[in-house]
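> File start_5.pdb below, PDB, C-alpha atoms and all ligand atoms:
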```
ATOM      1  CA  MET X   1    -218.654-194.982 -64.667
ATOM      2  CA  LYS X   2    -221.290-192.325 -65.242
ATOM      3  CA  LEU X   3    -220.704-189.042 -66.995
ATOM      4  CA  SER X   4    -220.706-185.996 -64.774
ATOM      5  CA  VAL X   5    -219.802-182.383 -65.211
ATOM      6  CA  SER X   6    -217.536-180.647 -62.730
ATOM      7  CA  GLY X   7    -219.104-179.069 -59.656
ATOM      8  CA  ARG X   8    -218.448-175.647 -61.109
ATOM      9  CA  ALA X   9    -220.406-176.295 -64.302
ATOM     10  CA  ALA X  10    -223.236-177.884 -62.409
ATOM     11  CA  ALA X  11    -223.446-174.945 -60.042
ATOM     12  CA  THR X  12    -222.881-172.063 -62.382
ATOM     13  CA  GLY X  13    -224.028-173.477 -65.725
ATOM     14  CA  VAL X  14    -221.440-171.872 -67.882
ATOM     15  CA  VAL X  15    -217.868-170.721 -67.473
ATOM     16  CA  ALA X  16    -216.875-169.091 -70.713
ATOM     17  CA  SER X  17    -213.630-167.478 -69.648
ATOM     18  CA  VAL X  18    -210.340-168.709 -68.304
ATOM     19  CA  THR X  19    -210.622-168.669 -64.555
ATOM     20  CA  LEU X  20    -209.050-170.633 -61.791
ATOM     21  CA  LEU X  21    -211.740-171.241 -59.215
ATOM     22  CA  VAL X  22    -211.011-172.232 -55.694
ATOM     23  CA  CYS X  23    -214.244-173.608 -54.338
ATOM     24  CA  GLY X  24    -214.029-172.808 -50.658
ATOM     25  CA  SER X  25    -215.352-175.299 -48.191
ATOM     26  CA  ILE X  26    -217.140-174.436 -45.007
ATOM     27  CA  ALA X  27    -214.261-175.687 -42.891
ATOM     28  CA  GLY X  28    -210.713-176.713 -43.660
ATOM     29  CA  ALA X  29    -208.330-175.784 -46.424
ATOM     30  CA  ALA X  30    -209.706-174.905 -49.848
ATOM     31  CA  PRO X  31    -209.734-177.862 -52.267
ATOM     32  CA  ALA X  32    -207.465-177.848 -55.304
ATOM     33  CA  PRO X  33    -208.560-175.206 -57.852
ATOM     34  CA  LEU X  34    -210.638-176.354 -60.775
ATOM     35  CA  ALA X  35    -209.139-175.312 -64.107
ATOM     36  CA  ALA X  36    -211.570-173.876 -66.631
ATOM     37  CA  ALA X  37    -211.237-174.441 -70.356
ATOM     38  CA  PRO X  38    -209.075-171.959 -72.243
ATOM     39  CA  ASP X  39    -210.357-169.879 -75.108
ATOM     40  CA  ILE X  40    -209.501-171.622 -78.385
ATOM     41  CA  PRO X  41    -207.959-169.062 -80.783
ATOM     42  CA  VAL X  42    -210.060-169.270 -83.938
ATOM     43  CA  ALA X  43    -207.048-167.971 -85.889
ATOM     44  CA  ASN X  44    -205.243-171.188 -84.978
ATOM     45  CA  VAL X  45    -208.209-173.292 -86.092
ATOM     46  CA  LYS X  46    -208.338-171.396 -89.380
ATOM     47  CA  ALA X  47    -204.597-171.939 -89.878
ATOM     48  CA  HIS X  48    -205.235-175.695 -89.713
ATOM     49  CA  LEU X  49    -208.009-175.268 -92.302
ATOM     50  CA  THR X  50    -205.583-173.415 -94.567
ATOM     51  CA  GLN X  51    -203.192-176.355 -94.297
ATOM     52  CA  LEU X  52    -205.958-178.829 -95.135
ATOM     53  CA  GLN X  53    -206.958-176.673 -98.116
ATOM     54  CA  SER X  54    -203.352-176.658 -99.359
ATOM     55  CA  ILE X  55    -203.200-180.426 -98.972
ATOM     56  CA  ALA X  56    -206.352-180.860-101.069
ATOM     57  CA  THR X  57    -205.104-178.418-103.703
ATOM     58  CA  ALA X  58    -201.823-180.336-103.975
ATOM     59  CA  ASN X  59    -203.589-183.692-104.235
ATOM     60  CA  GLY X  60    -206.211-183.518-106.946
ATOM     61  CA  GLY X  61    -208.566-181.188-105.094
ATOM     62  CA  ASN X  62    -209.761-183.545-102.373
ATOM     63  CA  ARG X  63    -208.844-185.363 -99.146
ATOM     64  CA  ALA X  64    -211.004-188.414 -99.797
ATOM     65  CA  HIS X  65    -210.614-191.951 -98.466
ATOM     66  CA  GLY X  66    -207.929-193.932-100.259
ATOM     67  CA  ARG X  67    -206.457-190.872-101.988
ATOM     68  CA  ALA X  68    -203.157-189.088-101.411
ATOM     69  CA  GLY X  69    -204.951-186.077 -99.929
ATOM     70  CA  TYR X  70    -206.314-188.125 -97.058
ATOM     71  CA  GLN X  71    -202.955-189.687 -96.238
ATOM     72  CA  ALA X  72    -201.375-186.228 -96.280
ATOM     73  CA  SER X  73    -204.133-184.953 -93.960
ATOM     74  CA  VAL X  74    -203.396-187.743 -91.471
ATOM     75  CA  ASN X  75    -199.675-187.020 -91.609
ATOM     76  CA  PHE X  76    -200.286-183.299 -91.005
ATOM     77  CA  VAL X  77    -202.474-183.840 -87.936
ATOM     78  CA  LYS X  78    -200.263-186.621 -86.544
ATOM     79  CA  ALA X  79    -197.116-184.495 -86.753
ATOM     80  CA  LYS X  80    -198.747-181.704 -84.736
ATOM     81  CA  LEU X  81    -199.910-184.153 -82.069
ATOM     82  CA  ASP X  82    -196.582-185.990 -81.817
ATOM     83  CA  ALA X  83    -194.793-182.675 -81.369
ATOM     84  CA  ALA X  84    -197.248-181.752 -78.595
ATOM     85  CA  GLY X  85    -196.598-184.898 -76.561
ATOM     86  CA  PHE X  86    -199.559-187.083 -77.502
ATOM     87  CA  THR X  87    -199.249-190.832 -77.945
ATOM     88  CA  THR X  88    -200.560-191.382 -81.467
ATOM     89  CA  THR X  89    -201.715-194.570 -83.148
ATOM     90  CA  VAL X  90    -202.676-195.045 -86.807
ATOM     91  CA  GLN X  91    -205.283-197.769 -87.216
ATOM     92  CA  GLN X  92    -205.582-199.286 -90.715
ATOM     93  CA  PHE X  93    -208.698-200.694 -92.350
ATOM     94  CA  THR X  94    -209.896-201.462 -95.871
ATOM     95  CA  ALA X  95    -212.926-199.918 -97.545
ATOM     96  CA  SER X  96    -213.932-200.087-101.197
ATOM     97  CA  GLY X  97    -210.672-201.861-101.965
ATOM     98  CA  ARG X  98    -208.534-199.028-100.629
ATOM     99  CA  THR X  99    -206.603-198.706 -97.368
ATOM    100  CA  GLY X 100    -208.048-196.287 -94.843
ATOM    101  CA  TYR X 101    -206.676-194.854 -91.611
ATOM    102  CA  ASN X 102    -207.990-193.713 -88.254
ATOM    103  CA  LEU X 103    -205.689-191.473 -86.209
ATOM    104  CA  ILE X 104    -206.026-191.922 -82.438
ATOM    105  CA  ALA X 105    -204.254-189.582 -80.001
ATOM    106  CA  ASP X 106    -204.023-190.301 -76.276
ATOM    107  CA  TRP X 107    -203.011-187.594 -73.816
ATOM    108  CA  PRO X 108    -200.761-189.315 -71.243
ATOM    109  CA  GLY X 109    -202.292-189.523 -67.757
ATOM    110  CA  GLY X 110    -205.743-189.701 -66.296
ATOM    111  CA  ASP X 111    -207.688-192.753 -65.209
ATOM    112  CA  PRO X 112    -207.433-195.339 -68.015
ATOM    113  CA  ASP X 113    -210.754-196.783 -66.897
ATOM    114  CA  GLN X 114    -212.533-193.459 -67.455
ATOM    115  CA  ILE X 115    -211.953-192.189 -70.988
ATOM    116  CA  VAL X 116    -213.457-189.059 -72.513
ATOM    117  CA  MET X 117    -213.223-189.062 -76.328
ATOM    118  CA  ALA X 118    -213.652-186.329 -78.903
ATOM    119  CA  GLY X 119    -213.711-187.229 -82.594
ATOM    120  CA  SER X 120    -214.205-185.883 -86.095
ATOM    121  CA  HIS X 121    -213.941-187.445 -89.507
ATOM    122  CA  LEU X 122    -210.928-186.196 -91.431
ATOM    123  CA  ASP X 123    -211.899-187.443 -94.870
ATOM    124  CA  SER X 124    -213.660-185.380 -97.519
ATOM    125  CA  VAL X 125    -215.829-186.431-100.409
ATOM    126  CA  THR X 126    -214.054-186.890-103.746
ATOM    127  CA  SER X 127    -215.723-183.790-105.227
ATOM    128  CA  GLY X 128    -213.965-181.221-103.068
ATOM    129  CA  PRO X 129    -211.533-180.265-100.289
ATOM    130  CA  GLY X 130    -214.080-180.789 -97.470
ATOM    131  CA  ILE X 131    -213.182-177.734 -95.402
ATOM    132  CA  ASN X 132    -216.489-177.325 -93.580
ATOM    133  CA  ASP X 133    -217.212-181.027 -93.970
ATOM    134  CA  ASN X 134    -215.197-181.899 -92.065
ATOM    135  CA  GLY X 135    -212.080-179.812 -91.811
ATOM    136  CA  THR X 136    -213.897-177.676 -89.228
ATOM    137  CA  GLY X 137    -214.491-180.514 -86.784
ATOM    138  CA  SER X 138    -211.016-181.951 -87.367
ATOM    139  CA  ALA X 139    -209.299-178.582 -86.871
ATOM    140  CA  ALA X 140    -211.344-177.718 -83.778
ATOM    141  CA  ILE X 141    -210.490-180.926 -81.944
ATOM    142  CA  LEU X 142    -206.857-180.643 -83.080
ATOM    143  CA  GLU X 143    -206.589-177.153 -81.610
ATOM    144  CA  THR X 144    -208.338-178.330 -78.447
ATOM    145  CA  ALA X 145    -205.808-181.156 -78.133
ATOM    146  CA  LEU X 146    -202.975-178.662 -78.613
ATOM    147  CA  ALA X 147    -204.554-176.432 -75.958
ATOM    148  CA  VAL X 148    -204.549-179.401 -73.546
ATOM    149  CA  SER X 149    -200.820-179.745 -74.208
ATOM    150  CA  ARG X 150    -200.122-176.009 -73.869
ATOM    151  CA  ALA X 151    -201.981-175.958 -70.550
ATOM    152  CA  GLY X 152    -200.255-179.083 -69.283
ATOM    153  CA  TYR X 153    -203.771-180.112 -68.329
ATOM    154  CA  GLN X 154    -203.896-183.184 -66.095
ATOM    155  CA  PRO X 155    -207.566-184.151 -65.735
ATOM    156  CA  THR X 156    -208.907-186.946 -63.571
ATOM    157  CA  LYS X 157    -210.123-188.830 -66.618
ATOM    158  CA  HIS X 158    -208.071-189.958 -69.606
ATOM    159  CA  LEU X 159    -208.406-187.873 -72.791
ATOM    160  CA  ARG X 160    -208.476-189.449 -76.228
ATOM    161  CA  PHE X 161    -208.954-187.666 -79.563
ATOM    162  CA  ALA X 162    -209.759-189.356 -82.871
ATOM    163  CA  TRP X 163    -209.745-188.458 -86.539
ATOM    164  CA  TRP X 164    -211.817-190.928 -88.527
ATOM    165  CA  GLY X 165    -211.310-192.221 -92.054
ATOM    166  CA  ALA X 166    -213.970-193.081 -94.623
ATOM    167  CA  GLU X 167    -216.904-191.460 -92.828
ATOM    168  CA  GLU X 168    -218.211-190.407 -96.220
ATOM    169  CA  LEU X 169    -218.363-194.052 -97.282
ATOM    170  CA  GLY X 170    -220.714-194.795 -94.397
ATOM    171  CA  LEU X 171    -219.031-194.253 -91.024
ATOM    172  CA  VAL X 172    -216.505-196.955 -91.971
ATOM    173  CA  GLY X 173    -213.511-195.824 -89.897
ATOM    174  CA  SER X 174    -215.374-195.110 -86.673
ATOM    175  CA  ARG X 175    -217.346-198.335 -86.973
ATOM    176  CA  HIS X 176    -214.082-200.239 -87.496
ATOM    177  CA  TYR X 177    -212.678-198.655 -84.345
ATOM    178  CA  VAL X 178    -215.709-199.474 -82.185
ATOM    179  CA  ASN X 179    -216.057-202.997 -83.573
ATOM    180  CA  ASN X 180    -212.432-203.723 -82.726
ATOM    181  CA  LEU X 181    -212.731-202.617 -79.109
ATOM    182  CA  SER X 182    -213.098-205.396 -76.561
ATOM    183  CA  ALA X 183    -216.220-205.166 -74.407
ATOM    184  CA  THR X 184    -213.969-204.161 -71.512
ATOM    185  CA  ASP X 185    -212.325-201.355 -73.488
ATOM    186  CA  ARG X 186    -215.694-200.188 -74.764
ATOM    187  CA  SER X 187    -216.986-199.950 -71.194
ATOM    188  CA  LYS X 188    -214.094-197.646 -70.273
ATOM    189  CA  ILE X 189    -215.313-194.912 -72.647
ATOM    190  CA  ASP X 190    -217.418-192.611 -70.482
ATOM    191  CA  GLY X 191    -218.487-190.447 -73.385
ATOM    192  CA  TYR X 192    -217.848-189.715 -77.052
ATOM    193  CA  LEU X 193    -218.188-186.182 -78.453
ATOM    194  CA  ASN X 194    -218.658-185.852 -82.220
ATOM    195  CA  PHE X 195    -217.956-182.748 -84.297
ATOM    196  CA  ASP X 196    -218.901-182.979 -87.965
ATOM    197  CA  MET X 197    -219.612-179.673 -89.782
ATOM    198  CA  ILE X 198    -219.279-176.976 -87.091
ATOM    199  CA  GLY X 199    -218.551-173.914 -89.243
ATOM    200  CA  SER X 200    -221.285-173.831 -91.900
ATOM    201  CA  PRO X 201    -221.422-170.534 -93.826
ATOM    202  CA  ASN X 202    -225.126-169.936 -93.026
ATOM    203  CA  PRO X 203    -224.913-171.512 -89.595
ATOM    204  CA  GLY X 204    -227.423-172.952 -87.225
ATOM    205  CA  TYR X 205    -226.527-173.980 -83.699
ATOM    206  CA  PHE X 206    -227.658-177.580 -83.280
ATOM    207  CA  VAL X 207    -226.982-179.803 -80.282
ATOM    208  CA  TYR X 208    -227.199-183.591 -80.450
ATOM    209  CA  ASP X 209    -230.008-184.883 -78.217
ATOM    210  CA  ASP X 210    -228.553-188.287 -77.457
ATOM    211  CA  ASP X 211    -227.034-188.284 -73.955
ATOM    212  CA  PRO X 212    -228.860-185.820 -71.658
ATOM    213  CA  VAL X 213    -225.767-184.873 -69.623
ATOM    214  CA  ILE X 214    -223.771-183.954 -72.723
ATOM    215  CA  GLU X 215    -226.777-182.251 -74.328
ATOM    216  CA  LYS X 216    -227.296-180.093 -71.227
ATOM    217  CA  LEU X 217    -223.615-179.228 -71.078
ATOM    218  CA  PHE X 218    -223.664-177.793 -74.609
ATOM    219  CA  LYS X 219    -227.035-176.077 -74.145
ATOM    220  CA  ASP X 220    -225.787-174.461 -70.927
ATOM    221  CA  TYR X 221    -222.638-173.340 -72.694
ATOM    222  CA  TYR X 222    -224.581-171.630 -75.444
ATOM    223  CA  ALA X 223    -227.093-170.179 -72.978
ATOM    224  CA  GLY X 224    -224.115-168.558 -71.285
ATOM    225  CA  LEU X 225    -223.236-166.926 -74.605
ATOM    226  CA  GLY X 226    -226.859-165.857 -75.122
ATOM    227  CA  VAL X 227    -227.060-168.008 -78.267
ATOM    228  CA  ALA X 228    -230.195-170.060 -78.839
ATOM    229  CA  THR X 229    -229.779-173.711 -79.828
ATOM    230  CA  GLU X 230    -231.985-176.325 -81.452
ATOM    231  CA  ILE X 231    -231.904-180.089 -81.241
ATOM    232  CA  GLU X 232    -230.033-181.679 -84.140
ATOM    233  CA  THR X 233    -232.533-183.602 -86.297
ATOM    234  CA  GLU X 234    -230.967-183.577 -89.761
ATOM    235  CA  GLY X 235    -228.832-186.557 -89.217
ATOM    236  CA  ASP X 236    -229.636-188.966 -86.422
ATOM    237  CA  GLY X 237    -227.168-191.732 -87.035
ATOM    238  CA  ARG X 238    -225.533-189.920 -89.937
ATOM    239  CA  SER X 239    -222.153-189.319 -88.395
ATOM    240  CA  ASP X 240    -219.432-191.017 -86.374
ATOM    241  CA  HIS X 241    -221.252-190.893 -83.044
ATOM    242  CA  ALA X 242    -223.625-193.590 -84.351
ATOM    243  CA  PRO X 243    -221.332-196.623 -83.882
ATOM    244  CA  PHE X 244    -220.507-195.440 -80.342
ATOM    245  CA  LYS X 245    -224.180-194.964 -79.508
ATOM    246  CA  SER X 246    -225.011-198.418 -80.877
ATOM    247  CA  ALA X 247    -222.335-199.826 -78.552
ATOM    248  CA  GLY X 248    -223.947-198.125 -75.531
ATOM    249  CA  VAL X 249    -221.472-195.258 -75.151
ATOM    250  CA  PRO X 250    -223.011-191.909 -74.134
ATOM    251  CA  VAL X 251    -222.638-189.545 -77.111
ATOM    252  CA  GLY X 252    -223.193-185.917 -77.970
ATOM    253  CA  GLY X 253    -221.978-183.235 -80.287
ATOM    254  CA  LEU X 254    -222.586-180.063 -82.239
ATOM    255  CA  PHE X 255    -223.607-179.322 -85.824
ATOM    256  CA  THR X 256    -224.125-176.141 -87.866
ATOM    257  CA  GLY X 257    -226.197-177.646 -90.678
ATOM    258  CA  ALA X 258    -225.774-179.080 -94.166
ATOM    259  CA  SER X 259    -228.186-179.096 -97.082
ATOM    260  CA  ARG X 260    -231.423-178.216 -95.280
ATOM    261  CA  THR X 261    -232.517-174.591 -95.677
ATOM    262  CA  LYS X 262    -232.604-172.046 -92.879
ATOM    263  CA  THR X 263    -236.079-170.778 -91.985
ATOM    264  CA  ALA X 264    -237.139-167.185 -91.278
ATOM    265  CA  ALA X 265    -237.653-168.145 -87.636
ATOM    266  CA  GLN X 266    -234.081-169.438 -87.465
ATOM    267  CA  VAL X 267    -232.761-166.254 -89.102
ATOM    268  CA  ALA X 268    -234.546-164.271 -86.394
ATOM    269  CA  LYS X 269    -232.413-165.957 -83.726
ATOM    270  CA  TRP X 270    -229.210-166.692 -85.590
ATOM    271  CA  GLY X 271    -228.999-164.229 -88.461
ATOM    272  CA  GLY X 272    -227.979-165.390 -91.891
ATOM    273  CA  THR X 273    -230.152-165.988 -94.939
ATOM    274  CA  SER X 274    -233.562-167.647 -94.900
ATOM    275  CA  GLY X 275    -234.493-170.019 -97.669
ATOM    276  CA  GLN X 276    -230.783-170.773 -98.206
ATOM    277  CA  ALA X 277    -229.005-173.975 -97.159
ATOM    278  CA  PHE X 278    -226.964-173.897 -93.984
ATOM    279  CA  ASP X 279    -224.094-175.035 -96.245
ATOM    280  CA  ARG X 280    -224.826-174.639 -99.957
ATOM    281  CA  CYS X 281    -221.412-176.099-100.767
ATOM    282  CA  TYR X 282    -222.159-179.340 -98.943
ATOM    283  CA  HIS X 283    -220.296-182.161-100.704
ATOM    284  CA  SER X 284    -219.272-179.770-103.469
ATOM    285  CA  SER X 285    -216.041-178.412-104.893
ATOM    286  CA  CYS X 286    -216.842-175.022-103.320
ATOM    287  CA  ASP X 287    -216.425-176.412 -99.785
ATOM    288  CA  THR X 288    -213.194-174.440 -99.455
ATOM    289  CA  THR X 289    -211.706-172.172 -96.776
ATOM    290  CA  SER X 290    -214.133-169.446 -97.921
ATOM    291  CA  ASN X 291    -217.042-171.745 -97.064
ATOM    292  CA  VAL X 292    -216.731-171.204 -93.308
ATOM    293  CA  ASN X 293    -218.445-168.819 -90.881
ATOM    294  CA  ASP X 294    -215.749-167.677 -88.470
ATOM    295  CA  THR X 295    -218.134-166.821 -85.636
ATOM    296  CA  ALA X 296    -219.710-170.259 -85.694
ATOM    297  CA  LEU X 297    -216.290-171.907 -85.920
ATOM    298  CA  ASP X 298    -215.010-169.849 -82.992
ATOM    299  CA  ARG X 299    -218.023-170.492 -80.786
ATOM    300  CA  ASN X 300    -218.032-174.210 -81.533
ATOM    301  CA  SER X 301    -214.272-174.577 -81.058
ATOM    302  CA  ASP X 302    -214.642-172.976 -77.631
ATOM    303  CA  ALA X 303    -217.575-175.291 -76.915
ATOM    304  CA  VAL X 304    -215.388-178.307 -77.784
ATOM    305  CA  ALA X 305    -212.796-177.203 -75.247
ATOM    306  CA  TYR X 306    -215.454-176.430 -72.639
ATOM    307  CA  ALA X 307    -216.954-179.910 -72.964
ATOM    308  CA  VAL X 308    -213.572-181.667 -72.910
ATOM    309  CA  TRP X 309    -212.530-179.835 -69.761
ATOM    310  CA  GLU X 310    -215.877-180.199 -67.966
ATOM    311  CA  LEU X 311    -216.339-183.904 -68.687
ATOM    312  CA  SER X 312    -212.770-184.897 -67.822
ATOM    313  CA  GLU X 313    -212.114-183.051 -64.570
TER     314      GLU X 313
HETATM  315  N1  LIG Z 401    -223.039-187.144 -92.460
HETATM  316  C1  LIG Z 401    -222.354-185.860 -92.496
HETATM  317  C2  LIG Z 401    -223.282-184.687 -92.670
HETATM  318  C3  LIG Z 401    -224.410-184.668 -91.720
HETATM  319  C4  LIG Z 401    -225.680-184.724 -92.060
HETATM  320  N2  LIG Z 401    -226.431-184.663 -90.943
HETATM  321  C5  LIG Z 401    -225.642-184.584 -89.868
HETATM  322  C6  LIG Z 401    -225.924-184.479 -88.493
HETATM  323  C7  LIG Z 401    -224.880-184.446 -87.625
HETATM  324  C8  LIG Z 401    -223.579-184.459 -88.070
HETATM  325  C9  LIG Z 401    -223.288-184.556 -89.465
HETATM  326  C10 LIG Z 401    -224.348-184.607 -90.328
HETATM  327  C11 LIG Z 401    -221.371-185.848 -93.625
HETATM  328  O1  LIG Z 401    -221.784-185.679 -94.775
HETATM  329  O2  LIG Z 401    -220.180-185.984 -93.339
HETATM  330 CA    CA Z 402    -212.312-168.819 -79.254
HETATM  331 ZN    ZN Z 403    -220.046-185.253 -95.765
HETATM  332 ZN    ZN Z 404    -219.100-184.817 -92.334
END
```
Transcribe the structure of this file into structure tokens.

Amino acid sequence: MKLSVSGRAAATGVVASVTLLVCGSIAGAAPAPLAAAPDIPVANVKAHLTQLQSIATANGGNRAHGRAGYQASVNFVKAKLDAAGFTTTVQQFTASGRTGYNLIADWPGGDPDQIVMAGSHLDSVTSGPGINDNGTGSAAILETALAVSRAGYQPTKHLRFAWWGAEELGLVGSRHYVNNLSATDRSKIDGYLNFDMIGSPNPGYFVYDDDPVIEKLFKDYYAGLGVATEIETEGDGRSDHAPFKSAGVPVGGLFTGASRTKTAAQVAKWGGTSGQAFDRCYHSSCDTTSNVNDTALDRNSDAVAYAVWELSE
């Protein structure tokens, strides 16, 4: 089944507010209204980051694969999803002699043969709490999942969210997941959206240029906000979308930058500091809750919800 955006998005490009649209038809009763994505409260996303920070602080300063901080991170996210009505599954794997976990959350309903997935790695490096990398992606998709529950959203397609383990060891958890899908189950995934570092302190607004439909969806969203975007080039294949892409699943995502430095031309469109890394705490102990740009986190969290709603209707 091909990816497609809802008629509304195709026609209008961007819907950035909560509206219920009834697309009239020339004759006959109006079709069912299309529900637009809700605004994702960035305060809620930041509250999840505060929890992840506390977990790291209580567990040796990190949330790394095979450590207590990662297990506690999985338990935190799983509890929120279970309480919100998701069907959760914890998938085990082994990496570097330690047990790792992927957390998969299915929203009941929707066509099981047409699955839209959103994922983020939940593990950090051993040197720090991993709040931008990748608490931001994990918290944004968690809050989007909770918004689906709050809205009682019942899309045509089936929604699945995933929090990956051991990404920092080389995309181990996501690759384990994809490799253990049957060919039939793999073919049911219409698209995979990846969010890894979406709140960098000196942010850029980068869109993955893998699947053209997903790429256009995010570019249209940002155009609607009047925010320029660039194609993501820092990490082709360097995050959890890579195993899905290798398996032929359409992929896309957003990124705010890691260790590359922001240019003067990029400052002119995005603000921030030229000659400074997008995230100068990348893979460092200073990747804490103060290492996040709230505007970037808010915009990208809203973009996550927009894409999930548009691709699943
Ligand atoms: N591999 C990610 C950081 C990273 C580097 N380039 C990209 C591009 C797109 C997403 C993520 C990244 C990590 O260190 O977790
Ligand atoms: Ca928001
Ligand atoms: Zn990393
Ligand atoms: Zn990452």
> Take CA of Ala105 in chain X and CA of Asp298 in chain X and report the distance between them in Å, one decimal.
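Those two atoms sit 22.7 Å apart.
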> Could the residues that lie within 12 Å of ligand CA 402 (chain Z), counting all atoms listed in the file, be listed as number ranges by chain?
X: 16-18, 37-46, 140, 143-144, 147, 294-306
> Using all atoms listed in the file for the distances, tell me which of X:Gly100, X:Gly237, X:Gly85, X:Gly199 is nearest to Ala68 in chain X.
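Closest candidate: X:Gly100.
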> Pick from X:Gly271, X:Gly60, X:Gly165, X:Gly152: nearest to ligand ZN 403 (chain Z), with only C-alpha atoms and all ligand atoms counted?
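Answer, going by the shortest atom-to-atom distance: X:Gly165.
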> What lies within 10 Å of Gly109 in chain X using all atoms listed in the file, ignoring chain neighbours under 2 positions off, as an NGL selection string?
:X and (106-107 or 111-112 or 153-159)
> Counting all atoms listed in the file, which protein, DNA or RNA residues come within 6 Å of ligand ZN 403 (chain Z), given as a list in words?
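Using all atoms listed in the file, everything at most 6 Å from ligand ZN 403 (chain Z) comes to Asp133, Glu168 and His283 of chain X.
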> Go through X:Thr94, X:Asn179, X:Asn202, X:Asn134 one by one, measure the shortest atom-to-atom distance of each to ligand LIG 401 (chain Z) using all atoms listed in the file, and give the residue with the smallest value.
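Using all atoms listed in the file, the shortest distance to ligand LIG 401 (chain Z) belongs to X:Asn134.
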> Go through X:Leu52, X:Ala151, X:Ala47, X:Ala247 and flag the residue nearest Leu181 in chain X, using all atoms listed in the file for the distances.
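Comparing X:Leu52, X:Ala151, X:Ala47, X:Ala247 against Leu181 in chain X, the winner is X:Ala247.
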> Apply the PyMOL selection byres (((chain X and resi 233) around 12) and not hetatm) to the file shown and report the selected residues as a list in words.
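Applied to this file, the PyMOL selection byres (((chain X and resi 233) around 12) and not hetatm) selects Gly204, Tyr205, Phe206, Val207, Tyr208, Asp209, Asp210, Glu230, Ile231, Glu232, Glu234, Gly235, Asp236, Gly237, Arg238, Leu254, Phe255, Thr256, Gly257, Ala258 and Arg260 of chain X.
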> Return range 45-56 of chain X, completed with N, CA, C and O atoms, as a short mmCIF file (atom, residue, chain, number, x, y, z; two decimals), in the coordinates of the input.

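Once everything was written out, this is rebuild_5.cif:
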```cif
data_model
loop_
_atom_site.label_atom_id
_atom_site.label_comp_id
_atom_site.auth_asym_id
_atom_site.auth_seq_id
_atom_site.Cartn_x
_atom_site.Cartn_y
_atom_site.Cartn_z
N VAL X 45 -207.34 -172.30 -85.43
CA VAL X 45 -208.21 -173.29 -86.09
C VAL X 45 -208.22 -173.02 -87.60
O VAL X 45 -208.08 -173.95 -88.41
N LYS X 46 -208.32 -171.76 -87.95
CA LYS X 46 -208.34 -171.40 -89.38
C LYS X 46 -207.00 -171.70 -90.06
O LYS X 46 -206.96 -172.07 -91.24
N ALA X 47 -205.91 -171.59 -89.30
CA ALA X 47 -204.60 -171.94 -89.88
C ALA X 47 -204.55 -173.43 -90.23
O ALA X 47 -203.99 -173.81 -91.26
N HIS X 48 -205.16 -174.26 -89.39
CA HIS X 48 -205.24 -175.70 -89.71
C HIS X 48 -206.09 -175.91 -90.98
O HIS X 48 -205.75 -176.75 -91.82
N LEU X 49 -207.17 -175.15 -91.10
CA LEU X 49 -208.01 -175.27 -92.30
C LEU X 49 -207.23 -174.87 -93.56
O LEU X 49 -207.37 -175.50 -94.61
N THR X 50 -206.41 -173.84 -93.43
CA THR X 50 -205.58 -173.42 -94.57
C THR X 50 -204.63 -174.52 -94.99
O THR X 50 -204.42 -174.79 -96.17
N GLN X 51 -204.07 -175.22 -94.00
CA GLN X 51 -203.19 -176.36 -94.30
C GLN X 51 -203.96 -177.47 -95.00
O GLN X 51 -203.48 -178.05 -95.98
N LEU X 52 -205.16 -177.76 -94.52
CA LEU X 52 -205.96 -178.83 -95.14
C LEU X 52 -206.36 -178.44 -96.56
O LEU X 52 -206.38 -179.28 -97.46
N GLN X 53 -206.64 -177.15 -96.76
CA GLN X 53 -206.96 -176.67 -98.12
C GLN X 53 -205.76 -176.87 -99.04
O GLN X 53 -205.89 -177.33 -100.18
N SER X 54 -204.58 -176.50 -98.55
CA SER X 54 -203.35 -176.66 -99.36
C SER X 54 -203.11 -178.12 -99.70
O SER X 54 -202.71 -178.45 -100.83
N ILE X 55 -203.37 -178.99 -98.74
CA ILE X 55 -203.20 -180.43 -98.97
C ILE X 55 -204.14 -180.89 -100.08
O ILE X 55 -203.74 -181.61 -101.01
N ALA X 56 -205.40 -180.46 -100.02
CA ALA X 56 -206.35 -180.86 -101.07
C ALA X 56 -205.92 -180.32 -102.42
O ALA X 56 -205.88 -181.04 -103.43
#
```
